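Participant: Structure incoming, see below.
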Amino acid sequence: MARTHVIRVATAALVVVGLALAGSCARAPGLGHGDAQTDAPAPSGDNLPSYDGKDETPPTEGGGVQPLAFLLPGDLIGVSMPWQGTQNWAEAFAKFGPALEAAGLRAVVDDAGNDSGKQIQQIEAMIAQEAKVLVVGAVDGTQLGNVLDQAKDQGIIILGYDRMIDETTSVDGVVQYGAFTTGVMEGQALIQGLEEKGAAKPWTIELFAGAPTDPNATLFFEGAMSVLQPLIAAREIIVGSGETSFTEVATLEWANEKAQTRMESLLTSTYTDGVGPVGVLTPNDAISRAILTACEAGGFDLPVVDGLDAEDISIGWVREGRQYATVSKPTDQLIARTLVAINSLLTSPELPVPDFTHLNGVKDVGIYTLSPTIITQANIDEYYPCSKAKDAEQATNWKCN
Ligand code: BGC
């Protein structure tokens with residue numbers, strides 16, 4: 001059912017006046033107070049590497065902002081998450097509903113269990129329930145075109161969350177930590193760890209990437225390889241197995257057990273003298289821990305590994321020195337940035353001007369971006385101090401006791 005702009009604009013103006021009188025109109029969403037990641041210093045971007053411009057193209061004339069539609073308090077927001085297999089997605093699944101309700105909206109939040117077909121059905125159901133905004137973390141960045149076109153035909157506003165949505169003009173904006181930049185940091189963290197370890201060059205390493213369906217995974221890998229490739233070309237780094245293409249090193253469905261199996265077979269096929277790789281590039285914490293577990297189980301020295309997500313268990317592993325680094329991209333901040341975009345529709349029919357645009361194959365999509373942060377033992381007590389662990393379980397996972 002198409003939305004009737006004029007009526008909604010008039011009604012929205014009345015409601016906005018009412019809300020302003022009630023003193024709650026411009027209220028920022030009340031997110032995660034007391035949560036350790038919220039209380040930790042916001043990543044400052046101080047350690048941002050120099051870009052090659054891959055994530056970021058300045059917005060085009062007019063900021064690419066198109067008039068969309070007003071939201072009304074009580075409107076339904078559909079949140080479609082890809083799975084809950086890593087801490088960041090489980091947290092987003094749990095926190096989006098309360099955050100939207102705190103902003104005076106209603107929410108339906110689904111988890112697609114890593115199944116693109118299921119995600120399409122869930123989005124169809126959200127369209128049928130007359131959601132006004134869809135927030136989508138795509139299972140497969142290329143498969144949502146048709147269902148999002150249907151949503152767009154109904155006047156629904158579509159925001160990508162964390163992952164790009166490719167090959168469709170229906171997406172209105174994406175909120176994310178720059179994926180290429182995140183990958184650059186993963187590569188930098190690995191090099192920094194190898195330097196600190198003082199291992200003799202050439203360094204023998206292995207490479208791992210995430211799920212081929214996830215647009216972040218290719219960008220993480222490209223970002224990391226922009227750091228590693230020159231060193232590989234200079235023979236300062238050797239990839240022991242010779243497996244260097246994304247297809248060879250990808251981990252189907254982000255399944256850490258698959259990464260562990262690949263690492264085990266690399267260790268037995270390539271490192272027969274019992275000396276393992278000195279470093280391993282990994283796309284996220286779950287895979288970092290799988291790789292370290294494979295090395296430990298095989299009796300190999302632990303390699304330097306990077307990571308991503310600052311998962312509670314990996315914060316503990318970094319503190320203990322088992323995992324060299326992780327890259328932090330706090331979910332609370334990503335949700336809060338998404339809420340700012342959604343809330344702006346309560347007072348204007350436009351999304352805020354994006355920070356950058358990114359070509360998704362067919363459209364320059366506006367990106368609302370946040371800066372990730374490399375976490376190592378050197379700054380872990382600044383970002384994840386034990387005094388900020390939110391409960392005993394988190395303190396245990398962080399190895400604070
Ligand atoms: C997210 C990562 C996460 C991975 C697997 C990616 O799209 O950016 O934070 O580790 O999905 O769930």
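Ordering of the structure tokens sets the chain letters (A, B, ...), residue numbers begin anew at 1 in every chain, and ligands are numbered from 1 in the order given.
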Kindly work out which residues sit at most 8 Å from ligand 1, using only C-alpha atoms and all ligand atoms, and give the list as a PyMOL selection string.
Facilitator: chain A and resi 83-89+137+162-163+179+210-211+214-217+254+283-286+308-309+329
Participant: Could you list, as a PyMOL selection string, every residue within 8 Å of A:Glu186, counting only C-alpha atoms and ignoring same-chain residues fewer than 3 positions away?
Facilitator: chain A and resi 182-183+189-190+220+224+281-283+306-308+326-327+374
Participant: Next, dump the selected residues to file, keeping only C-alpha atoms, as a short mmCIF file (atom, residue, chain, number, x, y, z; two decimals), in the first residue's frame.
Facilitator:
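Result saved to out-v4.cif:
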```cif
data_model
loop_
_atom_site.label_atom_id
_atom_site.label_comp_id
_atom_site.auth_asym_id
_atom_site.auth_seq_id
_atom_site.Cartn_x
_atom_site.Cartn_y
_atom_site.Cartn_z
CA THR A 182 38.53 -2.73 9.06
CA GLY A 183 40.48 -5.13 6.84
CA ALA A 189 47.56 -5.62 13.52
CA LEU A 190 49.10 -8.81 12.15
CA PHE A 220 37.95 -7.13 4.90
CA ALA A 224 44.12 -6.66 4.75
CA LEU A 281 45.47 -13.38 9.04
CA THR A 282 41.98 -14.00 10.32
CA PRO A 283 38.72 -12.17 9.55
CA ASP A 306 44.59 -10.50 14.56
CA GLY A 307 40.80 -10.61 15.03
CA LEU A 308 37.58 -8.64 14.82
CA THR A 326 41.23 -7.78 17.86
CA VAL A 327 39.56 -4.93 16.01
CA ILE A 374 42.74 -2.01 16.99
#
```
Participant: Name all residues at most 12 Å from A:Met263 (count only C-alpha atoms; drop same-chain ones fewer than 4 positions away) and give them as a PyMOL selection string.
Facilitator: chain A and resi 205-208+240-241+243+249+251+256-259+267-271+276-277+280-282+287-298+300+303
Participant: Go ahead and compute the interatomic distance for atom CA of A:Gly173 and atom CA of A:His358, in Å to one decimal.
Facilitator: 9.7 Å
Participant: Stretch 61-280 of chain A: which residues are strand (DSSP E or B) by DSSP, as an MDAnalysis selection string?
Facilitator: chainID A and resid 76:81 106:111 133:136 157:161 173:177 203:207 237:239 279:280
Participant: Can you write just those residues out, C-alpha atoms, as a compact mmCIF listing (two decimals), in the first residue's frame?
Facilitator:
```txt
# COMPACT_ATOMS: atom_id res chain seq x y z
CA LEU A 76 6.77 -0.43 12.87
CA ILE A 77 10.47 -0.92 12.09
CA GLY A 78 11.52 -4.29 10.68
CA VAL A 79 15.01 -5.45 11.69
CA SER A 80 16.34 -8.39 9.71
CA MET A 81 19.58 -9.81 11.09
CA ARG A 106 7.57 -0.55 17.42
CA ALA A 107 9.94 -3.26 16.28
CA VAL A 108 9.90 -6.70 14.74
CA VAL A 109 13.34 -8.30 14.88
CA ASP A 110 14.19 -11.51 13.01
CA ASP A 111 17.27 -13.68 12.69
CA VAL A 133 11.65 1.19 7.75
CA LEU A 134 13.67 -1.99 7.19
CA VAL A 135 17.08 -2.39 8.84
CA VAL A 136 18.88 -5.21 7.07
CA ILE A 157 12.80 3.14 3.75
CA ILE A 158 15.68 0.66 3.61
CA LEU A 159 18.85 0.87 5.68
CA GLY A 160 21.67 -1.63 5.42
CA TYR A 161 23.21 -2.46 8.78
CA GLY A 173 21.67 4.15 3.20
CA VAL A 174 24.03 1.86 5.06
CA VAL A 175 25.32 2.23 8.62
CA GLN A 176 28.64 0.50 9.11
CA TYR A 177 32.25 0.53 10.19
CA TRP A 203 57.59 -14.48 7.94
CA THR A 204 55.63 -17.60 7.01
CA ILE A 205 51.93 -16.97 7.42
CA GLU A 206 48.51 -18.31 6.38
CA LEU A 207 45.47 -16.36 5.26
CA ILE A 237 56.16 -12.63 3.87
CA ILE A 238 55.63 -16.13 2.50
CA VAL A 239 52.21 -17.75 2.50
CA GLY A 279 51.27 -15.49 11.86
CA VAL A 280 47.76 -16.03 10.53
```
Participant: Mind giving me the straight-line distance from atom CA of A:Asp115 to atom CA of A:Ala250 in Å, one decimal?
Facilitator: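 Rounded to one decimal, the two atoms are 17.8 Å apart.
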Participant: Please build the interface table for stretch 299-343 of chain A against stretch 383-391 of chain A with a cut-off of 10 Å, listing for each qualifying residue the nearest atom pair and the distance in Å to one decimal; count only C-alpha atoms, order rows by chain and increasing number, and write it as a tab-separated table.
Facilitator:
```
residue	atom	partner	partner_atom	distance
A:Ala310	CA	A:Tyr384	CA	9.3
A:Asp312	CA	A:Tyr384	CA	9.5
A:Ile315	CA	A:Tyr384	CA	7.7
A:Gly316	CA	A:Tyr384	CA	9.9
A:Arg319	CA	A:Tyr384	CA	9.8
A:Ser328	CA	A:Tyr383	CA	9.2
```
Participant: Convert the current residue selection to file output with N, CA and C atoms, as a compact mmCIF listing (two decimals), in the first residue's frame.
Facilitator:
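Written file, out_10.txt:
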```txt
# COMPACT_ATOMS: atom_id res chain seq x y z
N ALA A 310 36.06 -7.77 19.00
CA ALA A 310 36.29 -7.61 20.44
C ALA A 310 35.27 -8.43 21.22
N ASP A 312 33.83 -10.98 23.91
CA ASP A 312 34.27 -11.08 25.31
C ASP A 312 35.39 -12.11 25.50
N ILE A 315 38.62 -10.79 24.16
CA ILE A 315 39.21 -9.77 25.04
C ILE A 315 40.06 -10.49 26.10
N GLY A 316 39.51 -11.59 26.64
CA GLY A 316 40.26 -12.38 27.61
C GLY A 316 41.52 -12.98 26.99
N ARG A 319 44.06 -10.31 26.58
CA ARG A 319 44.64 -9.97 27.89
C ARG A 319 45.65 -11.04 28.31
N SER A 328 38.01 -3.64 17.31
CA SER A 328 36.75 -3.37 18.00
C SER A 328 35.82 -2.54 17.12
```
Participant: Do a neighbour search on A:Glu236 at 9 Å with only C-alpha atoms, toss out local chain neighbours closer than 3 positions, and write the hits as a PDB file with C-alpha atoms, in the first residue's frame.
Facilitator:
```pdb
ATOM      1  CA  LYS A 201      61.980 -12.579   8.184  1.00  0.00           C
ATOM      2  CA  PRO A 202      60.693 -13.862   5.894  1.00  0.00           C
ATOM      3  CA  TRP A 203      57.589 -14.482   7.940  1.00  0.00           C
ATOM      4  CA  THR A 204      55.630 -17.600   7.008  1.00  0.00           C
ATOM      5  CA  PRO A 230      53.512  -5.562  -0.936  1.00  0.00           C
ATOM      6  CA  LEU A 231      55.345  -7.595   1.726  1.00  0.00           C
ATOM      7  CA  ILE A 232      54.452 -10.835  -0.065  1.00  0.00           C
ATOM      8  CA  ALA A 233      55.733  -9.346  -3.337  1.00  0.00           C
TER       9      ALA A 233
END
```
Participant: Near A:Glu320, within 10 Å and counting only C-alpha atoms, which residues show up once chain neighbours fewer than 4 positions away are dropped, as an MDAnalysis selection string?
Facilitator: chainID A and resid 314:316 324 377 398:400
Participant: Write out as a ChimeraX atom specification all residues of stretch 143-183 of chain A that backbone DSSP assigns to helix (DSSP H, G or I).
Facilitator: /A:145-153,179-183
Participant: Keeping C-alpha atoms for every residue in the selection just given, could you write it to a file as a tab-separated table (two decimals), in the first residue's frame?
Facilitator:
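Written file, part_31.tsv:
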```tsv
chain	number	residue	atom	x	y	z
A	145	GLY	CA	17.26	-7.01	-4.77
A	146	ASN	CA	13.75	-8.30	-5.58
A	147	VAL	CA	12.32	-8.24	-2.09
A	148	LEU	CA	13.81	-4.82	-1.39
A	149	ASP	CA	12.37	-3.53	-4.68
A	150	GLN	CA	8.96	-4.75	-3.44
A	151	ALA	CA	9.55	-2.92	-0.16
A	152	LYS	CA	10.59	0.25	-1.99
A	153	ASP	CA	7.37	0.06	-4.06
A	179	ALA	CA	34.74	-2.69	5.84
A	180	PHE	CA	37.86	-2.02	3.77
A	181	THR	CA	39.32	0.04	6.62
A	182	THR	CA	38.53	-2.73	9.06
A	183	GLY	CA	40.48	-5.13	6.84
```
Participant: Please, what distance in Å, to one decimal, runs between atom CA of A:Leu359 and atom CA of A:Ala138?
Facilitator: 16.6 Å
Participant: For A:Thr142, which residue out of A:Thr369, A:Ser245, A:Gln119, A:Thr168 is the nearest one, using only C-alpha atoms?
Facilitator: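 Closest candidate: A:Thr168.
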